[in-house]
Amino acid sequence: MKMKMLRSVVFGILNICFTEAVLTNGQYAAYSQCDEISERAAKFTPTKTMVTRSKLHCSLMCEETPFCLAYNVGSVMNQAGVSCELLDAKISSCGDLEYRLNFNYYEHTMRQPQTTTTTLATSTILTTEAATMTTPTTATTTMTTPTTVNPCPSLPFDVVTGGVLDGSSVYLTADNHNYYRFNVNSDGTVTYVSNGGNTWGIYNGPIDDYSLREIGEYDNNGDSDDLHIFLEGSKTVHCMDRFWNTDSGSVCNAFPQTADWLYGAGTPNNVDAVLEYSGTQTYMFKDETVYISERLNWNIIEGSITDQFNLRDPRSDNIWINIPPHITGISNTQYTDMYLLFVGNEYCTYNTQTKAIVHGPACLVI
């Protein structure tokens, strides 16, 4: 499982190739028909070119532009940010891709080409940064001398996961193996409170995902019978009780286990984020797929996979339809409908009732 380093943020990862394989019309056909070779971009002339603060911002620009079907984005940053090219077409074969240093091509999986041409709307997401956007003369020139620019320089680590453990404050675990406590405000902003100790010693390994599996009641408090669940690697699951006993004691003596045992057969490898959404329902996010695991009741530890769907599926019960793609972490808050979504060291605050981002993208400040 990834260590949650800031990765490419995409609507649908498109694997890339040198071959001329023709892609079929199936919605997900492009994923499997090109070899995994990086440094590729679509040959099409971009409909709109800009420099955005990060890959997350580029993906959100495509999401907010109604007829953006795909985009080329720089994989490294220069001092201004990353080059972002919005496209109004998808590739029809792997031959539509060309070698371009430090670039990647991604698609919006739920959008299909339109038969009429429509003027692209101007995005309002980055109003505070619009003045800094410049049009690069050529993408190759812009990216040939990459520098390591952090979109959130005040935060030198990536957020792995988080959760409410005491009924109010959010505890965020980072890839530097420390945890940090924040208060979430009613407007979606967060305020730093304190930081805690090193988490490596919990089971002598890195934390790739965390969730609080509550037994008996759902109150966002780590009670004596609740399980602190840690995912390690591809599918290994560890358990800690409130007294810091790991994979032992009366609560966690059945661990370590596999993710299939805990969440159900069909749980994907290397999930991106896990959220215990209610007393019996768990959401797991992997690429652009959402998985639902259900427990029969609060007193049972194990669950089973009951549903899975695309992140952009317009079904009425898809409360996540407008979240950023490829989140690397998620946390509940003390507010029932408000969640913190992380992509590396940036975050958005999302309301599941309105299905809208209410704050961000923004940087955590400590």
# chains A, B, ... in the order shown; residues from 1 in each chain; ligands from 1
$ residues_around --residues "Tyr71 (chain A)" --least-positions-apart "4" --cutoff "8 Å" --atoms "only C-alpha atoms" --output "tab-separated table (two decimals) with all heavy atoms, in the first residue's frame"
chain	number	residue	atom	x	y	z
A	59	SER	N	-6.99	18.85	-11.56
A	59	SER	CA	-8.10	17.91	-11.67
A	59	SER	C	-9.43	18.58	-11.34
A	59	SER	O	-10.44	18.31	-11.97
A	59	SER	CB	-7.87	16.71	-10.75
A	59	SER	OG	-7.92	17.09	-9.39
A	62	CYS	N	-10.67	20.60	-14.27
A	62	CYS	CA	-11.34	19.76	-15.26
A	62	CYS	C	-12.74	19.40	-14.79
A	62	CYS	O	-13.70	19.43	-15.56
A	62	CYS	CB	-10.52	18.49	-15.53
A	62	CYS	SG	-11.19	17.43	-16.84
A	84	CYS	N	-1.13	22.71	-16.65
A	84	CYS	CA	-2.42	22.02	-16.71
A	84	CYS	C	-3.08	22.31	-18.05
A	84	CYS	O	-3.32	23.47	-18.38
A	84	CYS	CB	-3.30	22.49	-15.55
A	84	CYS	SG	-4.98	21.80	-15.54
A	85	GLU	N	-3.36	21.28	-18.83
A	85	GLU	CA	-3.96	21.42	-20.15
A	85	GLU	C	-5.29	20.69	-20.18
A	85	GLU	O	-5.34	19.45	-20.06
A	85	GLU	CB	-3.04	20.86	-21.23
A	85	GLU	CG	-1.67	21.53	-21.28
A	85	GLU	CD	-0.72	20.86	-22.26
A	85	GLU	OE1	-1.07	19.78	-22.80
A	85	GLU	OE2	0.37	21.42	-22.49
A	86	LEU	N	-6.40	21.41	-20.32
A	86	LEU	CA	-7.72	20.81	-20.38
A	86	LEU	C	-8.04	20.44	-21.83
A	86	LEU	O	-7.81	21.22	-22.74
A	86	LEU	CB	-8.77	21.78	-19.85
A	86	LEU	CG	-8.55	22.32	-18.43
A	86	LEU	CD1	-9.75	23.14	-17.99
A	86	LEU	CD2	-8.25	21.22	-17.44
A	87	LEU	N	-8.58	19.24	-22.02
A	87	LEU	CA	-8.84	18.70	-23.35
A	87	LEU	C	-10.33	18.43	-23.52
A	87	LEU	O	-11.00	17.98	-22.58
A	87	LEU	CB	-8.06	17.41	-23.57
A	87	LEU	CG	-6.55	17.45	-23.26
A	87	LEU	CD1	-5.97	16.05	-23.31
A	87	LEU	CD2	-5.83	18.36	-24.24
A	105	TYR	N	-1.21	11.89	-18.69
A	105	TYR	CA	-2.53	12.08	-19.31
A	105	TYR	C	-3.58	11.36	-18.47
A	105	TYR	O	-3.40	10.21	-18.09
A	105	TYR	CB	-2.52	11.50	-20.73
A	105	TYR	CG	-3.90	11.37	-21.36
A	105	TYR	CD1	-4.55	12.46	-21.91
A	105	TYR	CD2	-4.54	10.13	-21.39
A	105	TYR	CE1	-5.80	12.32	-22.49
A	105	TYR	CE2	-5.79	9.98	-21.97
A	105	TYR	CZ	-6.42	11.08	-22.52
A	105	TYR	OH	-7.66	10.95	-23.08
A	106	TYR	N	-4.68	12.04	-18.18
A	106	TYR	CA	-5.75	11.46	-17.38
A	106	TYR	C	-7.11	11.78	-18.01
A	106	TYR	O	-7.26	12.79	-18.68
A	106	TYR	CB	-5.72	11.98	-15.94
A	106	TYR	CG	-4.42	11.71	-15.24
A	106	TYR	CD1	-3.61	12.75	-14.81
A	106	TYR	CD2	-4.02	10.40	-14.98
A	106	TYR	CE1	-2.41	12.50	-14.16
A	106	TYR	CE2	-2.83	10.14	-14.34
A	106	TYR	CZ	-2.03	11.19	-13.93
A	106	TYR	OH	-0.86	10.93	-13.29
A	107	GLU	N	-8.09	10.93	-17.74
A	107	GLU	CA	-9.42	11.11	-18.30
A	107	GLU	C	-10.47	11.28	-17.21
A	107	GLU	O	-10.32	10.79	-16.10
A	107	GLU	CB	-9.82	9.90	-19.17
A	107	GLU	CG	-9.04	9.81	-20.46
A	107	GLU	CD	-9.56	8.70	-21.36
A	107	GLU	OE1	-10.39	7.88	-20.89
A	107	GLU	OE2	-9.15	8.65	-22.54
$ residues_around --residues "Leu212 (chain A)" --least-positions-apart "3" --cutoff "6 Å" --atoms "only C-alpha atoms" --output "list in words"
Leu227, His228 and Ile229 of chain A
$ write_last_selection --atoms "N, CA and C atoms" --output "compact mmCIF listing (two decimals), in the first residue's frame"
# COMPACT_ATOMS: atom_id res chain seq x y z
N LEU A 227 -12.40 -0.88 18.40
CA LEU A 227 -11.17 -1.34 17.75
C LEU A 227 -10.58 -0.20 16.92
N HIS A 228 -9.33 0.12 17.19
CA HIS A 228 -8.58 1.04 16.34
C HIS A 228 -7.92 0.20 15.24
N ILE A 229 -8.39 0.37 14.02
CA ILE A 229 -7.95 -0.47 12.91
C ILE A 229 -6.88 0.24 12.10
$ closest_residue --among "A:Gly201, A:Pro268, A:Gly279, A:Gly303" --to "Glu214 (chain A)" --atoms "only C-alpha atoms"
A:Gly279
$ select_by_dssp --residues "region 200-303 of chain A" --states "helix (DSSP H, G or I)" --output "list of chain:residue names"
A:Trp200, A:Gly201, A:Ile202, A:Gly249, A:Ser250, A:Val251, A:Cys252, A:Ala259, A:Asp260, A:Trp261, A:Leu262, A:Tyr263
$ write_last_selection --atoms "N, CA and C atoms" --output "mmCIF file, in the first residue's frame"
data_model
loop_
_atom_site.group_PDB
_atom_site.id
_atom_site.type_symbol
_atom_site.label_atom_id
_atom_site.label_comp_id
_atom_site.auth_asym_id
_atom_site.auth_seq_id
_atom_site.Cartn_x
_atom_site.Cartn_y
_atom_site.Cartn_z
ATOM 1 N N TRP A 200 4.933 4.913 14.907
ATOM 2 C CA TRP A 200 5.581 3.729 14.340
ATOM 3 C C TRP A 200 5.522 2.546 15.294
ATOM 4 N N GLY A 201 5.589 2.799 16.574
ATOM 5 C CA GLY A 201 5.655 1.720 17.550
ATOM 6 C C GLY A 201 4.356 1.001 17.803
ATOM 7 N N ILE A 202 3.257 1.448 17.198
ATOM 8 C CA ILE A 202 1.975 0.788 17.446
ATOM 9 C C ILE A 202 2.054 -0.677 17.051
ATOM 10 N N GLY A 249 -4.764 -8.904 23.727
ATOM 11 C CA GLY A 249 -5.790 -8.499 24.679
ATOM 12 C C GLY A 249 -7.154 -9.030 24.285
ATOM 13 N N SER A 250 -8.148 -8.728 25.118
ATOM 14 C CA SER A 250 -9.480 -9.289 24.915
ATOM 15 C C SER A 250 -10.179 -8.737 23.684
ATOM 16 N N VAL A 251 -9.835 -7.520 23.239
ATOM 17 C CA VAL A 251 -10.506 -6.891 22.106
ATOM 18 C C VAL A 251 -9.849 -7.266 20.783
ATOM 19 N N CYS A 252 -8.515 -7.305 20.759
ATOM 20 C CA CYS A 252 -7.781 -7.451 19.496
ATOM 21 C C CYS A 252 -7.046 -8.771 19.360
ATOM 22 N N ALA A 259 -7.661 -7.711 5.132
ATOM 23 C CA ALA A 259 -8.748 -6.784 4.841
ATOM 24 C C ALA A 259 -9.994 -7.530 4.370
ATOM 25 N N ASP A 260 -9.807 -8.659 3.653
ATOM 26 C CA ASP A 260 -10.953 -9.463 3.219
ATOM 27 C C ASP A 260 -11.721 -10.018 4.412
ATOM 28 N N TRP A 261 -11.004 -10.387 5.447
ATOM 29 C CA TRP A 261 -11.663 -10.896 6.653
ATOM 30 C C TRP A 261 -12.461 -9.802 7.342
ATOM 31 N N LEU A 262 -11.910 -8.605 7.412
ATOM 32 C CA LEU A 262 -12.559 -7.527 8.156
ATOM 33 C C LEU A 262 -13.673 -6.867 7.350
ATOM 34 N N TYR A 263 -13.399 -6.555 6.076
ATOM 35 C CA TYR A 263 -14.362 -5.794 5.273
ATOM 36 C C TYR A 263 -15.168 -6.654 4.306
#
$ select_by_dssp --residues "region 224-340 of chain A" --states "strand (DSSP E)" --output "ChimeraX atom specification"
/A:227-232,236-240,257-258,273-276,281-286,289-294,304-310,329-332,338-340
$ closest_residue --among "A:Thr336, A:Asn322, A:Ser186, A:Thr267" --to "Ser304 (chain A)" --atoms "only C-alpha atoms"
A:Thr267
$ closest_residue --among "A:Ser224, A:Phe67, A:His177, A:Met240" --to "Ala89 (chain A)" --atoms "only C-alpha atoms"
A:Phe67
$ atom_distance --atom1 "CA of Tyr192 (chain A)" --atom2 "CA of Tyr210 (chain A)"
20.0 Å
$ atom_distance --atom1 "CA of Val290 (chain A)" --atom2 "CA of Gln308 (chain A)"
5.4 Å
